[in-house]
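Undergrad: Have a look at this one.
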Amino acid sequence: MELNSYSGLPNERVKAANGIDYAYRDTGPTDDGAGVPLVLLQHFRGNLDNWDPALIDALAPARRVIAFDNAGVGGSTGTTPNTADEMAHDAIAFIEAIGAIGAPGLGQGPVDVLGFSLGSFVAQQIALTRPSLVRRLVLASSAPQGADGMHGWAPEVIDGVGNPESSPEEYLSVFFTGSPASLQAGRQTLQRIYGARSEDRDTVTNWATREAQYDAVCTWGIPDHAKLQRLSCLRMPVFVANGDSDPMILPHYSHLLAGLIPQARVKIYPDSAHGFLFQHHGEFAADVDAFLGGPR
């Protein structure tokens, strides 16, 4: 079956039991033999349009892939919560809503979850709160709650992604390295994200969402070593990944995270930063595919 590119998918909506109308996009095979769906959780201030279409298109041939705006973000209604715990409950409500409307592969069993940056904090919280809902977990550019040094981002990072209007140069400085190869990959990513879709784009995230999400990031990063031990109860397989030069969530947090989870593996991608999964979209998608389809 030929699949439509992510950049051309319609924006769909579903009402959940919590009263939120969630905006989402849905791609990949939907027959019963397609396997477990993969649900994506977006980064700080990101909406449906901030996923690189090349990554989604590389993930979709083997499985159904669902991207969505959590409560209060982009085209979804409601108010953006200011903790990862509340965001996780809202994400669970979305997943249950998709299953309730009879979407193939959902509602009858667990899903796979890929969380990126702030989305990876939410993904961890989903797996801790509702472990039966998550079969396998992918944590991209992630850190455990309570780790030292994660209480807010460095000034040059928050200046790059936290201002009312961020420039392409600021985006490149955080999501890609300064090497010619990484910068070229970054410019190609920007072209795919902003140039491939001109109509029916998602609603841009607002300042209230930015403030609430950064509150959640800062709360997540309050040093508390007791919280690190929570991850020992995760029993599903987990793939932890990051770029070797990520200034936003340093790669040593990936190793810390993987060391706290019993069935975790870690991979660090070379010459890449926070946007490693866009820069190395083909390799990362292949690694995710192998992880999701591999033995337990």
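Identifiers in this document derive from the order of the structure tokens: chains are assigned A, B, ..., residues are numbered from 1 separately in each chain, and ligands are numbered from 1 in order of occurrence.
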Determine, using only C-alpha atoms, which residues of region 57-165 of chain A have any atom at most 10 Å from an atom of region 10-26 of chain A, and tabulate each with its shortest atom pair and distance in Å to one decimal place, rows ordered by chain and then rising number, as a Markdown table.
TA:
```
| residue | atom | partner | partner_atom | distance |
| --- | --- | --- | --- | --- |
| A:Ala60 | CA | A:Asp26 | CA | 9.5 |
| A:Arg64 | CA | A:Asp26 | CA | 7.3 |
| A:Val65 | CA | A:Asp26 | CA | 6.0 |
| A:Ile66 | CA | A:Asp26 | CA | 4.6 |
| A:Ala67 | CA | A:Arg25 | CA | 5.4 |
| A:Phe68 | CA | A:Tyr24 | CA | 4.0 |
| A:Asp69 | CA | A:Ala23 | CA | 5.6 |
| A:Asn70 | CA | A:Tyr22 | CA | 6.8 |
| A:Ala71 | CA | A:Ile20 | CA | 6.6 |
| A:Gly72 | CA | A:Ile20 | CA | 8.5 |
| A:Val73 | CA | A:Ala23 | CA | 8.9 |
| A:Gly74 | CA | A:Ala23 | CA | 7.8 |
| A:Gly75 | CA | A:Ala23 | CA | 5.4 |
| A:Ser76 | CA | A:Tyr22 | CA | 4.5 |
| A:Thr77 | CA | A:Asp21 | CA | 5.4 |
| A:Gly78 | CA | A:Ile20 | CA | 5.9 |
| A:Thr79 | CA | A:Ile20 | CA | 9.2 |
| A:His89 | CA | A:Asn18 | CA | 9.6 |
| A:Asp90 | CA | A:Asn18 | CA | 7.8 |
| A:Ala91 | CA | A:Tyr22 | CA | 9.6 |
| A:Ile92 | CA | A:Ala16 | CA | 9.6 |
| A:Ala93 | CA | A:Ala16 | CA | 5.9 |
| A:Phe94 | CA | A:Ala16 | CA | 5.9 |
| A:Ile95 | CA | A:Ala16 | CA | 8.7 |
| A:Glu96 | CA | A:Ala16 | CA | 7.5 |
| A:Ala97 | CA | A:Ala16 | CA | 4.9 |
| A:Ile98 | CA | A:Val14 | CA | 7.1 |
| A:Ala100 | CA | A:Ala16 | CA | 8.9 |
| A:Ile101 | CA | A:Val14 | CA | 8.5 |
```
Undergrad: Using only C-alpha atoms, determine which residues lie at most 10 Å from region 244-258 of chain A, disregarding the query and same-chain residues fewer than 6 positions distant; provide the list as a VMD selection string.
TA: chain A and resid 117 139 to 145 147 to 150 152 to 154 156 to 158 161 173 to 178 228 231 238 264 to 276
Undergrad: Got a sec to tell me which of region 59-250 of chain A DSSP assigns to alpha helix (DSSP H), as a PyMOL selection string?
TA: chain A and resi 59+84-100+118-129+155-161+168-175+180-195+207-220+225-228
Undergrad: May I ask for the distance between CA of Gln279 (chain A) and CA of Gln188 (chain A), given in Å to one decimal place?
TA: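 If I compute the distance from CA of Gln279 (chain A) to CA of Gln188 (chain A), I get 8.7 Å.
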Undergrad: Nearest to Gly186 (chain A): which of A:Arg135, A:His280, A:His43, A:Arg210 is it, counting only C-alpha atoms?
TA: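 The closest residue to Gly186 (chain A) is A:His280.
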Undergrad: Can you tell me how far CA of Val122 (chain A) sits from CA of Gly35 (chain A), in Å to one decimal?
TA: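 These atoms are spaced 23.3 Å apart.
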Undergrad: Looking only at strand (DSSP E or B) from DSSP on the backbone, list the matching residues of region 236-285 of chain A as a list of chain:residue names.
TA: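 Those in region 236-285 of chain A that DSSP calls strand (DSSP E or B) are A:Val238, A:Phe239, A:Val240, A:Ala241, A:Asn242, A:Gly243, A:Ala264, A:Arg265, A:Val266, A:Lys267, A:Ile268, A:Tyr269.
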